[in-house]
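Here the structure comes first, spelled out in C-alpha cells, and everything after it is commentary.
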Amino acid sequence: MVRPADEWYQATSSLLPTVEIMQFIRKEYGKNYKPNSRETIRRHTLHQFEQARIIDRNRDDPKRPTNSKDNNYSLNQPILDILANYPDGDWKEKLRKFKYVVPELNDQYLRRLDLNKIPITLPDGEKVKLSPGNHNQLQADIVHEFCSRFIGEDGRLLYIGDTASSNEAGGKLMYLDQAYFQNLGIPPLSHDKLPDIVVYDERRKRLFLIEAVTSHGPISPKRWTELEESFRQCRASIVYVTAFPDRAEFRKNAANIAWDTEVWIANNPDHMIHYNGDRFLGPHQ
C-alpha cells in the first residue's frame, strides 16, 4: 500500500481482500469502483499482477480455498525492495534482477500452490490434483473411501468437478468421460446439471450420482427432481448419494434430504444411512 502523500519507501505489504483494495483506492485516490466490479478487478488486474509476481495471493495461508471469502493479495518482498530504493537508490538494478528471476519466482510460486492441492487417483491409475478446500477434500474422500467400499473395483469414474475456476466462484470440469456418458444414453450436460461426482458400477449397471454437501447442499427433493430430469435418458439404474464430512454437517441438513437417496459420512466411512426403505443402493438387481 502506498498513499498519495507517502514516500515510496513507506510502501507496505498488507494482506487485503479485493473489496478492501477497492475501498483503499476509493478513500485514498478518489476512484469509486462500483461494488459489482470486484470480480472484474480481480480477474483483469489482480490476476495479472499475480502472474507477473508483483503480488502474492494468500501469503498467510497458501492452503486457503480459491473460492474463500478470505482470499487476500499483497505486494511481495522483491517489489517492496524496489520501491524502498525508488527514486534515489539502486532501484533500477533491483528491477533488472527482479525481471531476470521472475520465471524462477513464478515456478516457485506454482510449486508452492501445487504442494497444497489435494491428490486423487482415478480408477484407471491416472493422478489428478484438485484445488485446496473443504469441498474438494470431501470429493477426494468420496473417490478414495466411498467408492472403494460401496462400489469396488467395478466402479468407473465418469465425472468429477473442481470448485476452482477462472472466476473462483463456480466449478469447472476436472475429469469427464463424455464418450461413456453417451454409451449410457446421457446427453451432454452443462456443469450445473451435473452432480459433483458420477461413478458407474459396470457389474451391477448402476450409475452413482454423488453430491458433496459442501457445495450446493444435499440431494433435496428439488435437486432430486432436477437430476431425474437431466438423467432421464440414462439406461442404467440410478443411485443418489449425498456425502457429508461429518455428523454435525449431516444433522444441519437432515431435514432437507430427499427420500429414495443414500447418505454417506466421510468420518464414519464404513456405514451408510438409507432414505429409501428396503432398496439399498438403488433397485435390486
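Residues are named by chain letter and number: chains run A, B, ... in the order of the C-alpha cells, numbers start at 1 in each chain, and ligands are numbered from 1 in the order shown.
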Q) Pro4 in chain A: which residues within 12 Å, counting only C-alpha atoms, same-chain residues fewer than 6 positions away excluded, as an MDAnalysis selection string? A) chainID A and resid 10:11 24:25 27:30
Please produce a file of those selected residues containing N, CA, C and O atoms, as a CSV table (one decimal), in the first residue's frame.
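Okay, this is what ended up in selection.csv:
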```
chain,number,residue,atom,x,y,z
A,10,GLN,N,7.9,3.9,2.1
A,10,GLN,CA,6.9,3.7,3.1
A,10,GLN,C,5.9,2.6,2.7
A,10,GLN,O,4.9,2.3,3.4
A,11,ALA,N,6.0,2.1,1.5
A,11,ALA,CA,5.1,1.1,1.0
A,11,ALA,C,5.0,-0.1,1.9
A,11,ALA,O,6.1,-0.5,2.4
A,24,PHE,N,-9.7,1.0,-0.4
A,24,PHE,CA,-8.4,1.8,-0.3
A,24,PHE,C,-8.3,2.8,-1.5
A,24,PHE,O,-8.0,3.9,-1.3
A,25,ILE,N,-8.6,2.3,-2.7
A,25,ILE,CA,-8.5,3.1,-3.9
A,25,ILE,C,-9.5,4.2,-3.8
A,25,ILE,O,-9.2,5.4,-4.1
A,27,LYS,N,-10.9,5.6,-1.0
A,27,LYS,CA,-10.6,6.5,0.0
A,27,LYS,C,-9.4,7.4,-0.3
A,27,LYS,O,-9.3,8.6,-0.1
A,28,GLU,N,-8.3,6.7,-0.8
A,28,GLU,CA,-7.0,7.4,-0.9
A,28,GLU,C,-6.8,8.1,-2.3
A,28,GLU,O,-6.1,9.1,-2.4
A,29,TYR,N,-7.5,7.5,-3.3
A,29,TYR,CA,-7.2,8.0,-4.7
A,29,TYR,C,-8.5,8.5,-5.4
A,29,TYR,O,-8.4,9.0,-6.5
A,30,GLY,N,-9.6,8.5,-4.7
A,30,GLY,CA,-10.9,9.1,-5.2
A,30,GLY,C,-11.5,8.3,-6.4
A,30,GLY,O,-12.3,8.9,-7.1
```
Need to verify the contact set: range 145-158 of chain A, 10 Å, only C-alpha atoms, exclusion of same-chain residues closer than 6 positions in sequence. Can you return it as a PDB file with N, CA and C atoms, in the first residue's frame?
```pdb
ATOM      1  N   LEU A 122      -7.428 -41.659  -9.978  1.00  0.00           N
ATOM      2  CA  LEU A 122      -8.610 -42.123 -10.699  1.00  0.00           C
ATOM      3  C   LEU A 122      -8.589 -43.642 -10.804  1.00  0.00           C
ATOM      4  N   PRO A 123      -9.740 -44.258 -11.063  1.00  0.00           N
ATOM      5  CA  PRO A 123      -9.787 -45.729 -11.125  1.00  0.00           C
ATOM      6  C   PRO A 123      -8.832 -46.345 -12.136  1.00  0.00           C
ATOM      7  N   ASP A 124      -8.488 -45.617 -13.196  1.00  0.00           N
ATOM      8  CA  ASP A 124      -7.561 -46.170 -14.189  1.00  0.00           C
ATOM      9  C   ASP A 124      -6.105 -45.912 -13.836  1.00  0.00           C
ATOM     10  N   LEU A 138     -13.528 -33.361   0.487  1.00  0.00           N
ATOM     11  CA  LEU A 138     -14.631 -34.315   0.586  1.00  0.00           C
ATOM     12  C   LEU A 138     -14.755 -35.120  -0.702  1.00  0.00           C
ATOM     13  N   GLN A 139     -14.537 -34.484  -1.835  1.00  0.00           N
ATOM     14  CA  GLN A 139     -14.582 -35.224  -3.099  1.00  0.00           C
ATOM     15  C   GLN A 139     -13.477 -36.281  -3.153  1.00  0.00           C
ATOM     16  N   TYR A 175     -12.577 -33.740 -14.695  1.00  0.00           N
ATOM     17  CA  TYR A 175     -12.470 -35.005 -15.423  1.00  0.00           C
ATOM     18  C   TYR A 175     -13.861 -35.378 -15.910  1.00  0.00           C
ATOM     19  N   LEU A 176     -13.981 -35.677 -17.197  1.00  0.00           N
ATOM     20  CA  LEU A 176     -15.272 -36.031 -17.779  1.00  0.00           C
ATOM     21  C   LEU A 176     -15.060 -37.051 -18.881  1.00  0.00           C
ATOM     22  N   ASP A 177     -15.748 -38.191 -18.756  1.00  0.00           N
ATOM     23  CA  ASP A 177     -15.706 -39.226 -19.784  1.00  0.00           C
ATOM     24  C   ASP A 177     -16.989 -39.110 -20.606  1.00  0.00           C
ATOM     25  N   GLN A 178     -16.983 -38.166 -21.540  1.00  0.00           N
ATOM     26  CA  GLN A 178     -18.183 -37.873 -22.309  1.00  0.00           C
ATOM     27  C   GLN A 178     -18.610 -39.059 -23.175  1.00  0.00           C
ATOM     28  N   ALA A 179     -17.639 -39.792 -23.693  1.00  0.00           N
ATOM     29  CA  ALA A 179     -17.968 -40.939 -24.547  1.00  0.00           C
ATOM     30  C   ALA A 179     -18.755 -41.990 -23.771  1.00  0.00           C
ATOM     31  N   TYR A 180     -18.360 -42.217 -22.504  1.00  0.00           N
ATOM     32  CA  TYR A 180     -19.074 -43.216 -21.707  1.00  0.00           C
ATOM     33  C   TYR A 180     -20.472 -42.706 -21.362  1.00  0.00           C
ATOM     34  N   PHE A 181     -20.602 -41.406 -21.111  1.00  0.00           N
ATOM     35  CA  PHE A 181     -21.929 -40.820 -20.887  1.00  0.00           C
ATOM     36  C   PHE A 181     -22.836 -41.151 -22.069  1.00  0.00           C
ATOM     37  N   ILE A 197     -19.857 -35.700  -8.426  1.00  0.00           N
ATOM     38  CA  ILE A 197     -19.142 -36.890  -8.882  1.00  0.00           C
ATOM     39  C   ILE A 197     -20.133 -37.870  -9.497  1.00  0.00           C
ATOM     40  N   VAL A 198     -19.748 -38.481 -10.599  1.00  0.00           N
ATOM     41  CA  VAL A 198     -20.560 -39.524 -11.230  1.00  0.00           C
ATOM     42  C   VAL A 198     -19.682 -40.763 -11.396  1.00  0.00           C
ATOM     43  N   VAL A 199     -20.159 -41.900 -10.870  1.00  0.00           N
ATOM     44  CA  VAL A 199     -19.415 -43.156 -10.955  1.00  0.00           C
ATOM     45  C   VAL A 199     -20.364 -44.237 -11.461  1.00  0.00           C
ATOM     46  N   TYR A 200     -19.882 -45.073 -12.386  1.00  0.00           N
ATOM     47  CA  TYR A 200     -20.701 -46.151 -12.926  1.00  0.00           C
ATOM     48  C   TYR A 200     -20.191 -47.491 -12.433  1.00  0.00           C
ATOM     49  N   ASP A 201     -21.096 -48.297 -11.866  1.00  0.00           N
ATOM     50  CA  ASP A 201     -20.788 -49.654 -11.442  1.00  0.00           C
ATOM     51  C   ASP A 201     -21.055 -50.567 -12.639  1.00  0.00           C
ATOM     52  N   GLU A 202     -19.978 -50.993 -13.293  1.00  0.00           N
ATOM     53  CA  GLU A 202     -20.128 -51.730 -14.543  1.00  0.00           C
ATOM     54  C   GLU A 202     -20.730 -53.122 -14.340  1.00  0.00           C
ATOM     55  N   ARG A 203     -20.516 -53.719 -13.195  1.00  0.00           N
ATOM     56  CA  ARG A 203     -21.047 -55.064 -12.960  1.00  0.00           C
ATOM     57  C   ARG A 203     -22.544 -55.022 -12.671  1.00  0.00           C
ATOM     58  N   ARG A 204     -22.944 -54.122 -11.779  1.00  0.00           N
ATOM     59  CA  ARG A 204     -24.356 -54.055 -11.399  1.00  0.00           C
ATOM     60  C   ARG A 204     -25.153 -53.059 -12.235  1.00  0.00           C
ATOM     61  N   LYS A 205     -24.453 -52.376 -13.152  1.00  0.00           N
ATOM     62  CA  LYS A 205     -25.108 -51.414 -14.046  1.00  0.00           C
ATOM     63  C   LYS A 205     -25.904 -50.359 -13.271  1.00  0.00           C
ATOM     64  N   ARG A 206     -25.189 -49.757 -12.319  1.00  0.00           N
ATOM     65  CA  ARG A 206     -25.767 -48.682 -11.517  1.00  0.00           C
ATOM     66  C   ARG A 206     -24.932 -47.415 -11.681  1.00  0.00           C
ATOM     67  N   LEU A 207     -25.607 -46.315 -11.879  1.00  0.00           N
ATOM     68  CA  LEU A 207     -24.930 -45.036 -12.007  1.00  0.00           C
ATOM     69  C   LEU A 207     -25.099 -44.264 -10.699  1.00  0.00           C
ATOM     70  N   PHE A 208     -23.979 -43.967 -10.044  1.00  0.00           N
ATOM     71  CA  PHE A 208     -23.996 -43.255  -8.776  1.00  0.00           C
ATOM     72  C   PHE A 208     -23.839 -41.752  -9.034  1.00  0.00           C
ATOM     73  N   ALA A 243     -22.931 -36.906   0.228  1.00  0.00           N
ATOM     74  CA  ALA A 243     -21.783 -37.153   1.098  1.00  0.00           C
ATOM     75  C   ALA A 243     -21.580 -35.964   2.036  1.00  0.00           C
ATOM     76  N   TRP A 264     -23.822 -40.738   2.991  1.00  0.00           N
ATOM     77  CA  TRP A 264     -22.529 -41.265   3.438  1.00  0.00           C
ATOM     78  C   TRP A 264     -21.787 -40.168   4.182  1.00  0.00           C
ATOM     79  N   ILE A 265     -21.157 -40.536   5.315  1.00  0.00           N
ATOM     80  CA  ILE A 265     -20.451 -39.570   6.156  1.00  0.00           C
ATOM     81  C   ILE A 265     -18.975 -39.954   6.186  1.00  0.00           C
ATOM     82  N   ALA A 266     -18.136 -39.011   5.745  1.00  0.00           N
ATOM     83  CA  ALA A 266     -16.731 -39.333   5.493  1.00  0.00           C
ATOM     84  C   ALA A 266     -15.972 -39.786   6.727  1.00  0.00           C
ATOM     85  N   ASN A 267     -16.279 -39.214   7.908  1.00  0.00           N
ATOM     86  CA  ASN A 267     -15.517 -39.639   9.085  1.00  0.00           C
ATOM     87  C   ASN A 267     -16.118 -40.862   9.764  1.00  0.00           C
ATOM     88  N   PRO A 269     -16.713 -43.849   7.530  1.00  0.00           N
ATOM     89  CA  PRO A 269     -16.773 -44.289   6.130  1.00  0.00           C
ATOM     90  C   PRO A 269     -17.335 -45.677   5.900  1.00  0.00           C
ATOM     91  N   ASP A 270     -17.432 -46.507   6.943  1.00  0.00           N
ATOM     92  CA  ASP A 270     -17.889 -47.883   6.741  1.00  0.00           C
ATOM     93  C   ASP A 270     -19.408 -48.033   6.769  1.00  0.00           C
ATOM     94  N   HIS A 271     -20.128 -46.940   6.987  1.00  0.00           N
ATOM     95  CA  HIS A 271     -21.581 -47.021   7.165  1.00  0.00           C
ATOM     96  C   HIS A 271     -22.301 -46.056   6.228  1.00  0.00           C
ATOM     97  N   MET A 272     -23.566 -46.374   5.973  1.00  0.00           N
ATOM     98  CA  MET A 272     -24.421 -45.506   5.181  1.00  0.00           C
ATOM     99  C   MET A 272     -25.766 -45.350   5.858  1.00  0.00           C
ATOM    100  N   LEU A 281     -28.911 -48.909  -2.004  1.00  0.00           N
ATOM    101  CA  LEU A 281     -28.088 -48.571  -3.163  1.00  0.00           C
ATOM    102  C   LEU A 281     -28.832 -48.842  -4.474  1.00  0.00           C
TER     103      LEU A 281
END
```
Q | Surrounding residues of Trp8 in chain A excluding itself and chain neighbours under 6 positions, 12 Å, only C-alpha atoms, as a PyMOL selection string | A | chain A and resi 1-2+79-89+91
Q: Report the residues of range 24-260 of chain A whose backbone DSSP state falls under strand (DSSP E), written as JSON, numbers by chain.
A: {"A": [55, 56, 57, 73, 74, 75, 118, 119, 120, 121, 127, 128, 129, 130, 155, 156, 157, 158, 159, 160, 161, 162, 172, 173, 174, 175, 176, 197, 198, 199, 200, 201, 206, 207, 208, 209, 210, 211, 212, 237, 238, 239, 240, 241, 242, 243, 244]}
Q | Separation of CA of Glu249 in chain A from CA of Ile160 in chain A in Å | A | 21.7 Å
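The closest residue to Arg64 in chain A, picked from A:Glu39, A:Asn136, A:Trp224, A:Asp192 and counting only C-alpha atoms, is A:Asn136.
In this model, the gap between CA of Phe231 in chain A and CA of Ala140 in chain A comes to 23.8 Å.
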**Q.** Straight-line distance linking CA of Ile142 in chain A with CA of Thr225 in chain A, stated in Å to one decimal
**A.** 22.7 Å
Excluding same-chain residues fewer than 5 positions from range 20-23 of chain A, what lies within 8 Å of it counting only C-alpha atoms, as a CSV table (one decimal) with N, CA, C and O atoms, in the first residue's frame?
```
chain,number,residue,atom,x,y,z
A,32,ASN,N,-13.9,5.6,-7.5
A,32,ASN,CA,-15.0,4.9,-6.9
A,32,ASN,C,-15.5,3.8,-7.8
A,32,ASN,O,-16.4,4.0,-8.7
A,33,TYR,N,-14.9,2.6,-7.6
A,33,TYR,CA,-15.4,1.5,-8.4
A,33,TYR,C,-16.7,0.9,-7.9
A,33,TYR,O,-16.9,0.9,-6.6
A,38,ARG,N,-16.0,-5.8,-8.6
A,38,ARG,CA,-15.0,-6.5,-7.8
A,38,ARG,C,-14.4,-7.7,-8.6
A,38,ARG,O,-13.2,-7.9,-8.7
```
Q: Pick out each residue of range 124-261 of chain A that DSSP on the backbone tags as helix (DSSP H, G or I); I need them as number ranges by chain.
A: A: 134-150, 152-154, 178-183, 191-193, 213-216, 221-230, 247-256
Residues as selected, C-alpha atoms, written as a PDB file, in the first residue's frame, can you do that?
```
ATOM      1  CA  ASN A 134     -13.071 -28.500   2.231  1.00  0.00           C
ATOM      2  CA  HIS A 135     -15.283 -29.316  -0.743  1.00  0.00           C
ATOM      3  CA  ASN A 136     -12.510 -30.850  -2.814  1.00  0.00           C
ATOM      4  CA  GLN A 137     -11.200 -32.733   0.219  1.00  0.00           C
ATOM      5  CA  LEU A 138     -14.631 -34.315   0.586  1.00  0.00           C
ATOM      6  CA  GLN A 139     -14.582 -35.224  -3.099  1.00  0.00           C
ATOM      7  CA  ALA A 140     -11.224 -36.917  -2.602  1.00  0.00           C
ATOM      8  CA  ASP A 141     -12.721 -38.875   0.307  1.00  0.00           C
ATOM      9  CA  ILE A 142     -15.632 -39.936  -1.902  1.00  0.00           C
ATOM     10  CA  VAL A 143     -13.293 -41.298  -4.589  1.00  0.00           C
ATOM     11  CA  HIS A 144     -10.837 -42.966  -2.222  1.00  0.00           C
ATOM     12  CA  GLU A 145     -13.114 -44.117   0.605  1.00  0.00           C
ATOM     13  CA  PHE A 146     -16.740 -44.340  -0.531  1.00  0.00           C
ATOM     14  CA  CYS A 147     -16.104 -45.840  -3.947  1.00  0.00           C
ATOM     15  CA  SER A 148     -13.663 -48.438  -2.650  1.00  0.00           C
ATOM     16  CA  ARG A 149     -16.169 -49.594  -0.004  1.00  0.00           C
ATOM     17  CA  PHE A 150     -19.523 -49.443  -1.747  1.00  0.00           C
ATOM     18  CA  GLY A 152     -15.486 -51.589  -5.581  1.00  0.00           C
ATOM     19  CA  GLU A 153     -13.180 -52.408  -8.460  1.00  0.00           C
ATOM     20  CA  ASP A 154     -16.069 -52.420 -10.943  1.00  0.00           C
ATOM     21  CA  GLN A 178     -18.183 -37.873 -22.309  1.00  0.00           C
ATOM     22  CA  ALA A 179     -17.968 -40.939 -24.547  1.00  0.00           C
ATOM     23  CA  TYR A 180     -19.074 -43.216 -21.707  1.00  0.00           C
ATOM     24  CA  PHE A 181     -21.929 -40.820 -20.887  1.00  0.00           C
ATOM     25  CA  GLN A 182     -23.137 -41.195 -24.460  1.00  0.00           C
ATOM     26  CA  ASN A 183     -22.883 -45.002 -24.246  1.00  0.00           C
ATOM     27  CA  HIS A 191     -21.742 -28.267 -15.279  1.00  0.00           C
ATOM     28  CA  ASP A 192     -24.702 -27.026 -13.217  1.00  0.00           C
ATOM     29  CA  LYS A 193     -26.758 -30.024 -14.363  1.00  0.00           C
ATOM     30  CA  VAL A 213     -22.782 -31.338   0.617  1.00  0.00           C
ATOM     31  CA  THR A 214     -20.123 -28.655   0.980  1.00  0.00           C
ATOM     32  CA  SER A 215     -21.001 -27.295  -2.483  1.00  0.00           C
ATOM     33  CA  HIS A 216     -24.735 -26.864  -3.073  1.00  0.00           C
ATOM     34  CA  PRO A 221     -36.419 -33.086  -3.238  1.00  0.00           C
ATOM     35  CA  LYS A 222     -35.823 -30.176  -5.632  1.00  0.00           C
ATOM     36  CA  ARG A 223     -32.313 -31.351  -6.542  1.00  0.00           C
ATOM     37  CA  TRP A 224     -33.551 -34.943  -6.899  1.00  0.00           C
ATOM     38  CA  THR A 225     -36.164 -33.761  -9.421  1.00  0.00           C
ATOM     39  CA  GLU A 226     -33.518 -31.803 -11.351  1.00  0.00           C
ATOM     40  CA  LEU A 227     -31.197 -34.803 -11.540  1.00  0.00           C
ATOM     41  CA  GLU A 228     -34.053 -37.107 -12.528  1.00  0.00           C
ATOM     42  CA  GLU A 229     -34.820 -34.804 -15.437  1.00  0.00           C
ATOM     43  CA  SER A 230     -31.167 -34.425 -16.505  1.00  0.00           C
ATOM     44  CA  ARG A 247     -22.258 -35.962  11.526  1.00  0.00           C
ATOM     45  CA  ALA A 248     -22.547 -32.325  12.560  1.00  0.00           C
ATOM     46  CA  GLU A 249     -22.917 -31.286   8.916  1.00  0.00           C
ATOM     47  CA  PHE A 250     -25.374 -34.139   8.351  1.00  0.00           C
ATOM     48  CA  ARG A 251     -27.561 -33.023  11.268  1.00  0.00           C
ATOM     49  CA  LYS A 252     -27.766 -29.495   9.864  1.00  0.00           C
ATOM     50  CA  ASN A 253     -29.096 -30.817   6.552  1.00  0.00           C
ATOM     51  CA  ALA A 254     -31.036 -33.928   7.584  1.00  0.00           C
ATOM     52  CA  ALA A 255     -34.486 -32.380   7.182  1.00  0.00           C
ATOM     53  CA  ASN A 256     -33.762 -31.425   3.576  1.00  0.00           C
TER      54      ASN A 256
END
```
**Q.** Residue neighbourhood Pro78 in chain A, 9 Å, only C-alpha atoms, exclusion window fewer than 6 positions, as a ChimeraX atom specification
**A.** /A:54,94-95,98
Filtering to N, CA, C and O atoms, could you give me those residues as a short mmCIF file (atom, residue, chain, number, x, y, z; two decimals), in the first residue's frame?
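Contents of the output file out12.cif:
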```cif
data_model
loop_
_atom_site.label_atom_id
_atom_site.label_comp_id
_atom_site.auth_asym_id
_atom_site.auth_seq_id
_atom_site.Cartn_x
_atom_site.Cartn_y
_atom_site.Cartn_z
N ILE A 54 4.17 -9.69 -9.08
CA ILE A 54 4.18 -8.41 -8.37
C ILE A 54 3.49 -8.55 -7.02
O ILE A 54 3.90 -7.93 -6.04
N LYS A 94 17.89 -3.33 -8.95
CA LYS A 94 16.99 -4.31 -8.30
C LYS A 94 15.87 -4.72 -9.25
O LYS A 94 15.46 -5.89 -9.28
N LEU A 95 15.39 -3.78 -10.05
CA LEU A 95 14.35 -4.11 -11.02
C LEU A 95 14.90 -5.05 -12.09
O LEU A 95 14.21 -6.00 -12.50
N PHE A 98 15.11 -8.41 -10.60
CA PHE A 98 13.77 -8.96 -10.42
C PHE A 98 13.24 -9.52 -11.74
O PHE A 98 12.72 -10.64 -11.79
#
```
Q.
I'd like the neighbourhood of Ser14 in chain A as a list in words, where a residue qualifies if any of its atoms comes within 10 Å (using only C-alpha atoms), though same-chain residues fewer than 6 positions away should be ignored.
A.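 Listed by chain and then number, they are Met1, Asn72, Tyr73, Ser74, Leu75 and Asn76 of chain A.
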